[in-house]
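A.B. asks: The structure follows.
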Amino acid sequence: MGSQTMDLGGSAILAGGISGALSTFAVFPLDSMKLRLQTGSAVSGGLSAYYRGVLPATFGAMPSTALRMFSSDKVKKSCGGRMRRLEENMVAGAVGAVVGALVVVPREVVKQSLQNGTYENTRRAISGIMRTEGLLGFAKGAVPTLLHDIPFFMINSGTFYFLREDLGLPVLPSGILASTAASTLTTPMDVVRAQMLAGNLPSKGGLLATMRHLVQQSGYAGLFRGGRMRLASITPMFTLVWLTYDILRSKIENFKMKPIIAQIRRRNPFLPAHNAAFIKMPVPRRGRAMIC
């Protein structure tokens with residue numbers, strides 16, 4: 001899965017989209033519990049209440065994760081080795097977060113309006129937000145989302161690839177440790193985002209005003225409200241993203257390479273039949289760095 005493997009086009013998008021949807025669906029009830037702890041909203045409707053908003057969240061996770069993985073992959077290639085690997089992966093994570101936010105921000109607005117019971121279904125949520133707030137309603141919480149997502153994915157991506165590539169740990173422990181670190185360090189901004197989207201704002205609402213309001217109400221511990229449940233949902237979610245992304249991308253690239261390898265062997269039957277040598281063939285760094 002490293003940035004040195006052959007670019008077969010589209011594998012990051014397809015693997016990213018599937019891994020994002022699977023992981024989001026798998027831990028969605030835990031995410032709903034976390035949100036209710038953070039906002040103090042009541043639960044009604046039994047077990048089904050914890051699945052409100054699962055469809056927009058799952059389908060929204062496909063393009064957002066696909067865009068994030070694809071853009072991160074392109075950034076790492078464009079850096080051309082001009083940065084240390086840890087810095088390169090952190091920059092890639094930050095850019096991926098910004099690109100993915102194009103989908104994440106409106107998805108979170110719709111998802112949370114369903115999770116907290118404001119609307120009954122996705123159609124009513126979209127029409128209700130449009131009617132009461134217009135298009136800008138779908139951009140609500142964009143600033144705290146970016147202030148959460150950029151450091152989250154910088155930490156997550158940088159730590160994961162450091163553990164995976166530099167220390168040689170397997171995907172599973174690398175994903176667990178990276179996701180745990182990112183989740184813990186960015187919990188305060190996740191709480192602020194949840195409060196802003198739920199409308200639990202002081203009279204002169206805003207990012208800093210919301211943070212001050214939380215601290216005045218509950219002390220600094222209020223910024224970590226629902227932190228344990230966040231760990232219980234975010235850590236397995238992004239561990240599953242890394243695990244399924246790694247497996248799926250490898251399978252997709254192997255599948256795409258088979259006809260290429262067969263064509264090469266038809267032209268030169270004396271080549272050894274070690275397919276892996278072609279699949280993982282290193283690609284030289286191309287061009288000048290566009291971002292780094």
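Chain labels follow the order of the structure tokens: the first chain is A, the next B, and so on; residue numbering restarts at 1 in every chain, and ligands are counted from 1 in their shown order.
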Could you make a table, as CSV, of the residues of range 96-133 of chain A that have an atom within 12 Å of an atom of range 179-193 of chain A, each with its nearest atom pair and distance in Å to one decimal, counting only C-alpha atoms, in chain and number order?

C.D. replies:
residue,atom,partner,partner_atom,distance
A:Val105,CA,A:Arg193,CA,10.5
A:Glu108,CA,A:Arg193,CA,9.7
A:Val109,CA,A:Arg193,CA,10.2
A:Gln112,CA,A:Arg193,CA,10.6

A.B. asks: What would the file look like if the residues just selected were written as a compact mmCIF listing (two decimals), in the first residue's frame with all heavy atoms?

C.D. replies:
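So the final result, stored in part-v1.txt, reads:
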# COMPACT_ATOMS: atom_id res chain seq x y z
N VAL A 105 -18.65 17.54 5.50
CA VAL A 105 -19.39 18.60 6.19
C VAL A 105 -20.90 18.47 5.98
O VAL A 105 -21.66 18.40 6.95
CB VAL A 105 -18.87 19.99 5.77
CG1 VAL A 105 -19.78 21.09 6.31
CG2 VAL A 105 -17.44 20.19 6.26
N GLU A 108 -22.25 15.28 7.71
CA GLU A 108 -22.36 15.36 9.16
C GLU A 108 -23.59 16.16 9.58
O GLU A 108 -24.24 15.83 10.58
CB GLU A 108 -21.10 16.00 9.75
CG GLU A 108 -19.90 15.08 9.76
CD GLU A 108 -20.11 13.87 10.65
OE1 GLU A 108 -20.51 14.05 11.82
OE2 GLU A 108 -19.88 12.74 10.19
N VAL A 109 -23.92 17.21 8.84
CA VAL A 109 -25.10 18.01 9.16
C VAL A 109 -26.36 17.15 9.07
O VAL A 109 -27.20 17.14 9.98
CB VAL A 109 -25.21 19.23 8.22
CG1 VAL A 109 -26.54 19.95 8.43
CG2 VAL A 109 -24.04 20.19 8.45
N GLN A 112 -26.26 14.11 11.77
CA GLN A 112 -26.51 14.47 13.16
C GLN A 112 -27.94 14.92 13.36
O GLN A 112 -28.52 14.69 14.42
CB GLN A 112 -25.54 15.56 13.61
CG GLN A 112 -25.63 15.83 15.11
CD GLN A 112 -24.43 16.56 15.64
OE1 GLN A 112 -23.30 16.30 15.25
NE2 GLN A 112 -24.67 17.49 16.55

A.B. asks: Write down as a VMD selection string the residues of range 29-265 of chain A whose backbone DSSP state falls under helix (DSSP H, G or I).

C.D. replies: chain A and resid 29 to 39 46 to 51 54 to 79 85 to 115 122 to 133 135 to 139 142 to 166 171 to 185 187 to 198 207 to 218 220 to 224 227 to 265

A.B. asks: For each of A:Ser32, A:Ser72, A:Thr159, A:Ser23, take the minimum atom-to-atom distance to Leu114 in chain A, counting only C-alpha atoms, then give the residue where this is smallest.

C.D. replies: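 Of the candidates, the smallest distance to Leu114 in chain A is held by A:Ser32.
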
A.B. asks: List as a list of chain:residue names the protein and nucleic acid residues near Ala94 in chain A, meaning an atom at most 7 Å away when only C-alpha atoms are counted, but skip any in the same chain fewer than 6 places from it.

C.D. replies: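 The residues that qualify are A:Ile150, A:Pro151, A:Phe153, A:Met154.
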
A.B. asks: Mind dumping the selected residues with N, CA, C and O atoms as an mmCIF file, in the first residue's frame?

C.D. replies:
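Wrote it out as part.cif, contents follow:
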data_model
loop_
_atom_site.group_PDB
_atom_site.id
_atom_site.type_symbol
_atom_site.label_atom_id
_atom_site.label_comp_id
_atom_site.auth_asym_id
_atom_site.auth_seq_id
_atom_site.Cartn_x
_atom_site.Cartn_y
_atom_site.Cartn_z
ATOM 1 N N ILE A 150 -8.339 18.001 10.033
ATOM 2 C CA ILE A 150 -6.958 18.193 9.578
ATOM 3 C C ILE A 150 -5.950 17.610 10.568
ATOM 4 O O ILE A 150 -5.119 16.770 10.186
ATOM 5 N N PRO A 151 -6.000 17.991 11.874
ATOM 6 C CA PRO A 151 -5.053 17.352 12.798
ATOM 7 C C PRO A 151 -5.315 15.865 12.989
ATOM 8 O O PRO A 151 -4.367 15.084 13.169
ATOM 9 N N PHE A 153 -6.368 13.585 10.772
ATOM 10 C CA PHE A 153 -5.799 12.771 9.697
ATOM 11 C C PHE A 153 -4.289 12.968 9.551
ATOM 12 O O PHE A 153 -3.603 12.080 9.049
ATOM 13 N N MET A 154 -3.777 14.115 9.994
ATOM 14 C CA MET A 154 -2.321 14.271 10.051
ATOM 15 C C MET A 154 -1.724 13.272 11.040
ATOM 16 O O MET A 154 -0.744 12.578 10.736
#

A.B. asks: So that I can see what lies close to Met69 in chain A, please list as a PyMOL selection string the residues with an atom at most 8 Å from it, counting only C-alpha atoms and leaving out residues fewer than 4 positions away in the same chain.

C.D. replies: chain A and resi 12-13+16+65+73+96

A.B. asks: Write out as a ChimeraX atom specification each polymer residue whose atoms come within 9 Å of Lys74 in chain A, counting only C-alpha atoms; drop sequence neighbours fewer than 4 positions from it.

C.D. replies: /A:3,69-70,78-79,92

A.B. asks: Find, counting only C-alpha atoms, the residue in A:Lys77, A:Lys34, A:Arg52, A:Arg84 that gets nearest to Asp166 in chain A.

C.D. replies: A:Arg84

A.B. asks: I'd like the interatomic distance between CA of Ala198 in chain A and CA of Ala142 in chain A, to a tenth of an Å.

C.D. replies: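 Answer for the CA of Ala198 in chain A to CA of Ala142 in chain A separation: 13.5 Å.
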